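Structure file entry_22.txt with compact mmCIF, C-alpha atoms and all ligand atoms:
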# COMPACT_ATOMS: atom_id res chain seq x y z
CA MET A 527 59.32 16.64 -2.76
CA THR A 528 57.94 15.66 -6.16
CA ALA A 529 59.66 12.71 -7.78
CA THR A 530 59.07 10.62 -10.85
CA VAL A 531 59.12 6.95 -9.88
CA GLN A 532 59.74 4.28 -12.50
CA ILE A 533 59.61 0.65 -11.39
CA PHE A 534 61.21 -2.17 -13.38
CA PRO A 535 61.21 -5.94 -12.84
CA THR A 536 64.95 -6.35 -12.27
CA GLY A 537 68.19 -4.47 -11.72
CA GLU A 538 69.22 -5.21 -15.29
CA ASP A 539 66.01 -3.54 -16.47
CA VAL A 540 66.89 -0.50 -14.34
CA ALA A 541 70.34 -0.40 -15.94
CA ALA A 542 68.84 -0.63 -19.43
CA ALA A 543 66.42 2.21 -18.69
CA ALA A 544 69.27 4.34 -17.36
CA ALA A 545 71.33 3.60 -20.48
CA ARG A 546 68.42 4.66 -22.67
CA ARG A 547 68.04 7.89 -20.67
CA LEU A 548 71.76 8.69 -21.02
CA ALA A 549 71.87 7.88 -24.74
CA ALA A 550 68.85 10.09 -25.40
CA LEU A 551 70.10 13.13 -23.52
CA ALA A 552 73.77 12.87 -24.43
CA GLY A 553 73.07 13.34 -28.12
CA ALA A 554 70.78 16.29 -27.42
CA ALA A 555 73.30 17.89 -25.05
CA VAL A 556 76.17 17.61 -27.52
CA SER A 557 73.99 19.00 -30.32
CA ALA A 558 72.90 21.92 -28.15
CA ARG A 559 76.09 22.70 -26.22
CA GLY A 560 78.89 20.71 -27.78
CA ARG A 561 79.39 18.60 -24.69
CA CYS A 562 77.59 16.37 -22.18
CA LEU A 563 78.43 16.63 -18.48
CA ILE A 564 77.75 13.35 -16.67
CA CYS A 565 78.02 12.69 -12.94
CA LEU A 566 78.32 9.00 -12.08
CA ALA A 567 77.16 7.42 -8.85
CA GLY A 568 79.47 5.31 -6.74
CA GLY A 569 78.90 2.05 -4.93
CA THR A 570 77.86 -1.27 -6.46
CA THR A 571 74.43 -0.48 -7.95
CA PRO A 572 75.69 1.49 -10.97
CA ARG A 573 78.12 -1.28 -12.02
CA ALA A 574 75.37 -2.98 -14.03
CA LEU A 575 74.81 0.27 -15.92
CA HIS A 576 78.51 0.93 -16.45
CA ARG A 577 79.10 -2.57 -17.82
CA MET A 578 76.04 -2.25 -20.06
CA LEU A 579 77.25 1.11 -21.45
CA ALA A 580 80.60 -0.52 -22.27
CA GLY A 581 78.85 -3.32 -24.16
CA ASP A 582 78.17 -3.69 -27.88
CA LEU A 583 74.57 -2.46 -27.65
CA TRP A 584 75.31 0.95 -26.11
CA ARG A 585 79.03 1.74 -26.57
CA SER A 586 78.54 3.23 -30.02
CA ARG A 587 75.29 5.06 -29.17
CA ILE A 588 76.83 7.70 -26.92
CA PRO A 589 79.15 10.53 -28.11
CA TRP A 590 81.81 9.63 -25.56
CA ASN A 591 84.44 11.94 -27.06
CA ALA A 592 82.25 14.95 -26.13
CA CYS A 593 81.35 13.71 -22.64
CA HIS A 594 82.89 14.87 -19.38
CA ILE A 595 82.74 12.44 -16.45
CA PHE A 596 82.55 13.39 -12.77
CA TRP A 597 81.50 11.45 -9.67
CA GLY A 598 78.88 12.51 -7.13
CA ASP A 599 81.31 11.38 -4.48
CA ASP A 600 84.37 9.24 -3.99
CA ARG A 601 86.31 7.78 -1.14
CA CYS A 602 89.69 9.24 -0.19
CA VAL A 603 91.72 6.28 -1.38
CA PRO A 604 94.20 5.93 -4.26
CA PRO A 605 92.61 5.47 -7.71
CA THR A 606 93.80 1.86 -7.83
CA ASP A 607 92.19 1.02 -4.48
CA PRO A 608 89.18 -1.36 -4.68
CA GLY A 609 87.21 1.27 -2.74
CA SER A 610 87.67 3.93 -5.41
CA ASN A 611 84.48 4.76 -7.31
CA TYR A 612 86.69 6.19 -10.05
CA GLY A 613 88.79 3.02 -10.17
CA GLN A 614 85.70 0.84 -10.38
CA ALA A 615 84.22 2.90 -13.23
CA GLN A 616 87.59 2.89 -14.99
CA VAL A 617 87.56 -0.93 -15.02
CA ASP A 618 83.88 -1.36 -15.89
CA LEU A 619 83.42 1.46 -18.41
CA LEU A 620 86.01 4.16 -18.97
CA SER A 621 88.76 1.79 -20.11
CA LYS A 622 86.35 0.60 -22.84
CA VAL A 623 84.90 3.81 -24.29
CA PRO A 624 86.66 6.78 -25.93
CA VAL A 625 86.24 9.46 -23.25
CA PRO A 626 89.31 11.69 -23.56
CA ALA A 627 91.54 11.40 -20.48
CA ALA A 628 91.24 15.16 -19.94
CA HIS A 629 87.46 14.74 -19.69
CA ILE A 630 87.67 12.36 -16.75
CA HIS A 631 87.48 14.46 -13.60
CA ARG A 632 88.12 12.24 -10.61
CA VAL A 633 88.38 13.08 -6.94
CA MET A 634 92.11 13.00 -6.14
CA GLY A 635 91.56 10.43 -3.44
CA GLU A 636 95.26 10.09 -2.76
CA LEU A 637 95.25 13.61 -1.25
CA GLU A 638 94.18 14.58 2.25
CA PRO A 639 90.35 14.93 2.28
CA ALA A 640 90.29 18.72 2.55
CA ALA A 641 92.82 19.09 -0.27
CA ALA A 642 90.92 16.55 -2.38
CA ALA A 643 87.69 18.51 -1.86
CA THR A 644 89.38 21.78 -2.85
CA SER A 645 90.95 20.18 -5.91
CA TYR A 646 87.62 18.67 -6.98
CA ALA A 647 85.86 22.02 -6.60
CA ALA A 648 88.47 23.52 -8.92
CA GLU A 649 87.73 20.81 -11.52
CA LEU A 650 84.07 21.81 -11.40
CA ALA A 651 84.83 25.54 -11.59
CA PHE A 652 86.97 24.99 -14.67
CA LEU A 653 83.88 23.81 -16.58
CA ALA A 654 81.52 26.37 -15.05
CA PRO A 655 80.17 29.46 -16.81
CA ALA A 656 82.11 32.64 -16.04
CA GLY A 657 81.55 33.77 -12.47
CA GLN A 658 79.95 30.52 -11.36
CA ALA A 659 81.46 27.78 -9.20
CA TRP A 660 79.96 24.76 -10.96
CA PRO A 661 78.35 23.87 -14.28
CA ALA A 662 74.88 22.44 -14.81
CA PHE A 663 75.33 18.71 -15.22
CA ASP A 664 73.30 17.26 -18.04
CA LEU A 665 72.73 14.09 -16.03
CA VAL A 666 73.51 13.14 -12.45
CA PHE A 667 73.19 9.52 -11.34
CA LEU A 668 72.79 8.96 -7.61
CA GLY A 669 72.42 5.91 -5.41
CA LEU A 670 70.84 5.41 -2.01
CA GLY A 671 72.31 3.71 1.02
CA ARG A 672 70.30 1.47 3.34
CA ASP A 673 70.60 4.27 5.90
CA GLY A 674 69.22 6.78 3.39
CA HIS A 675 72.46 8.51 2.46
CA THR A 676 73.04 9.60 -1.10
CA ALA A 677 76.43 10.40 -2.57
CA SER A 678 78.24 11.07 0.71
CA LEU A 679 75.43 13.11 2.22
CA PHE A 680 74.61 11.18 5.37
CA PRO A 681 71.76 11.45 7.87
CA GLY A 682 72.36 13.95 10.68
CA GLU A 683 73.60 17.47 10.93
CA ARG A 684 74.46 19.24 7.71
CA ALA A 685 77.84 20.82 7.08
CA PRO A 686 77.66 24.58 7.78
CA ASP A 687 78.61 25.40 4.19
CA GLU A 688 76.55 22.70 2.50
CA ALA A 689 74.26 25.28 0.86
CA THR A 690 77.09 27.27 -0.70
CA ALA A 691 80.02 24.92 -1.23
CA ALA A 692 80.55 22.77 -4.31
CA THR A 693 82.30 19.96 -2.44
CA LEU A 694 82.61 18.72 1.13
CA ALA A 695 85.10 16.48 2.89
CA VAL A 696 83.09 13.94 4.87
CA ASN A 697 83.94 11.24 7.38
CA ALA A 698 81.26 8.58 7.67
CA ASP A 699 81.22 4.87 8.44
CA TYR A 700 79.03 2.79 6.17
CA GLU A 701 79.20 -0.95 5.65
CA GLY A 702 82.96 -1.02 6.24
CA ARG A 703 83.66 1.20 3.24
CA PRO A 704 86.41 3.85 3.40
CA ALA A 705 85.16 6.53 5.79
CA GLU A 706 87.03 9.57 4.45
CA ARG A 707 85.14 10.88 1.43
CA VAL A 708 84.60 13.87 -0.83
CA THR A 709 81.07 14.62 -2.00
CA LEU A 710 79.35 17.09 -4.24
CA THR A 711 76.69 19.10 -2.45
CA PRO A 712 72.93 19.39 -3.00
CA ALA A 713 73.54 22.82 -4.54
CA VAL A 714 75.55 21.19 -7.33
CA PHE A 715 73.12 18.30 -7.80
CA ASN A 716 70.15 20.68 -7.85
CA ALA A 717 71.70 22.74 -10.65
CA ALA A 718 71.59 19.65 -12.90
CA ARG A 719 69.27 19.38 -15.86
CA GLN A 720 68.37 15.82 -14.90
CA VAL A 721 68.92 13.74 -11.76
CA VAL A 722 68.28 9.99 -11.77
CA PHE A 723 68.41 7.80 -8.66
CA LEU A 724 69.26 4.16 -9.37
CA VAL A 725 68.16 1.96 -6.48
CA THR A 726 67.80 -1.80 -6.54
CA GLY A 727 67.39 -4.65 -4.09
CA SER A 728 65.16 -5.39 -1.10
CA ALA A 729 67.73 -3.99 1.34
CA LYS A 730 66.88 -0.49 0.09
CA ALA A 731 63.08 -0.80 0.24
CA LYS A 732 62.71 0.81 3.66
CA ALA A 733 65.03 3.73 2.83
CA VAL A 734 63.25 4.31 -0.49
CA ALA A 735 59.82 4.35 1.14
CA ALA A 736 60.96 6.59 4.00
CA THR A 737 62.74 9.03 1.69
CA LEU A 738 59.78 9.36 -0.69
CA ALA A 739 57.15 9.51 2.05
CA ASP A 740 55.22 12.77 2.30
CA GLY A 741 56.77 15.04 4.92
CA ALA A 742 60.01 13.06 5.26
CA ASP A 743 62.69 14.98 7.18
CA PRO A 744 65.49 16.10 4.82
CA GLY A 745 67.91 15.93 7.74
CA ARG A 746 67.21 12.22 8.32
CA TRP A 747 66.69 11.44 4.64
CA PRO A 748 69.31 13.50 2.72
CA ALA A 749 68.02 12.51 -0.72
CA ARG A 750 65.06 14.79 0.09
CA ARG A 751 67.53 17.67 -0.33
CA ILE A 752 67.96 16.76 -4.00
CA THR A 753 65.32 18.96 -5.65
CA PRO A 754 66.66 19.77 -9.11
CA THR A 755 65.63 23.12 -10.58
CA GLY A 756 65.50 21.38 -13.97
CA GLY A 757 62.57 19.21 -12.83
CA PRO A 758 61.76 16.42 -10.39
CA ALA A 759 64.35 13.71 -9.91
CA THR A 760 63.59 10.35 -11.48
CA TRP A 761 63.80 7.30 -9.23
CA MET A 762 64.52 4.18 -11.28
CA LEU A 763 63.76 1.24 -8.99
CA ASP A 764 63.50 -2.48 -9.34
CA GLN A 765 60.46 -4.16 -7.79
CA ALA A 766 62.44 -5.22 -4.73
CA ALA A 767 63.55 -1.69 -3.89
CA ALA A 768 60.04 -0.38 -4.58
CA ALA A 769 58.35 -2.95 -2.32
CA GLY A 770 57.76 -0.44 0.47
CA LEU A 771 56.00 2.12 -1.70
CA THR A 772 52.23 2.40 -1.39
C1 LIG B 801 79.50 5.56 -2.35
C2 LIG B 801 78.27 5.93 -3.13
C3 LIG B 801 77.09 5.85 -2.23
C4 LIG B 801 76.24 4.77 -2.82
C5 LIG B 801 75.33 4.18 -1.77
C6 LIG B 801 74.67 2.91 -2.30
O1 LIG B 801 80.56 6.13 -2.60
O2 LIG B 801 79.37 4.64 -1.54
O3 LIG B 801 78.34 7.05 -3.83
O4 LIG B 801 76.36 7.01 -2.05
O5 LIG B 801 75.47 5.30 -3.89
O6 LIG B 801 76.13 3.87 -0.64
O7 LIG B 801 75.70 1.98 -2.55
P1 LIG B 801 75.38 0.55 -3.22
O8 LIG B 801 74.94 0.85 -4.62
O9 LIG B 801 76.69 -0.17 -3.16
O10 LIG B 801 74.28 -0.07 -2.39

Would you mind writing the file's structure down as structure tokens?
Amino acid sequence: MTATVQIFPTGEDVAAAAARRLAALAGAAVSARGRCLICLAGGTTPRALHRMLAGDLWRSRIPWNACHIFWGDDRCVPPTDPGSNYGQAQVDLLSKVPVPAAHIHRVMGELEPAAAATSYAAELAFLAPAGQAWPAFDLVFLGLGRDGHTASLFPGERAPDEATAATLAVNADYEGRPAERVTLTPAVFNAARQVVFLVTGSAKAKAVAATLADGADPGRWPARRITPTGGPATWMLDQAAAAGLT
């Protein structure tokens, strides 16, 4: 798997680089296609980016009114639950920038997982070109768990329909977080124009090194399955998360 690795001193530097990447491509996407489709990562790492984008330096540099927001995955909890990736982004970013409410496409975590997955796939299809099941995201942000999972694609056997489905309902235990989840699939991520992994902290160093190692098993290291047709994924790392790279 080819990947572009960018290493920064701190997590704040990673967030600033991600903000610059988003600002640059959002303007180009809106000029070219009238909209920018963004897929946010969940978990704690992206909070620094989300808060930075809501701040004075970046808030006015992104055409929020033409952006559509999705999540790579979310937990099957109500939107007000502390475990909701949507809820967290709403507090940190979306309540502070002018993204139209109709452009915020959350996983309906209050539904049963299978119903939430079906509903989320319909949200994607609504923005897809005729005859296709999902659009090409302009930018997908992804994280990486200490166990190597990304979005809610966890190590181990793959879902039978992972290669063809847009969304999957997943049950996985990780660090006491809500186990029932809905995730986008590698097929959706790989249709993106750009994919950026944001990974910080020493706790991720082993998973980063193992995932990026030559010949790593995509079954054990699911981020290996993210091979965007638009070009190699970019891995934005702080020095701590990059410590295991040779
Ligand atoms: C989630 C995320 C998940 C996350 C990793 C890393 O819903 O939990 O989408 O894939 O990116 O677990 O999480 P941290 O950034 O909190 O370490």

Which residues form the shell of 6 Å around ligand LIG 801 (chain B) when you count only C-alpha atoms and all ligand atoms, given as a PyMOL selection string? chain A and resi 567-571+599-600+668-671+676-678

Excluding Asp687 of chain A and any residue of its chain fewer than 3 positions from it, enumerate the residues within 12 Å of it, using all atoms listed in the file, and give them as a PyMOL selection string. chain A and resi 683-684+690-695+710-713

Taking into account only C-alpha atoms, which residue in the set A:Gly770, A:Gly657, A:Pro744, A:Pro604 is nearest to Met634 of chain A?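 Nearest to Met634 of chain A: A:Pro604.
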
Using all atoms listed in the file, find the one residue out of A:Ala769, A:Ile595, A:Ala729, A:Ala742 that sits nearest to Thr528 of chain A. A:Ala742

Closest to Gly635 of chain A among A:Cys565, A:Ala731, A:Val708, A:Val623, using all atoms listed in the file?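 Among the listed residues, the smallest separation from Gly635 of chain A belongs to A:Val708.
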
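Atom CA of Val603 of chain A is positioned 15.2 Å from atom CA of Tyr700 of chain A.
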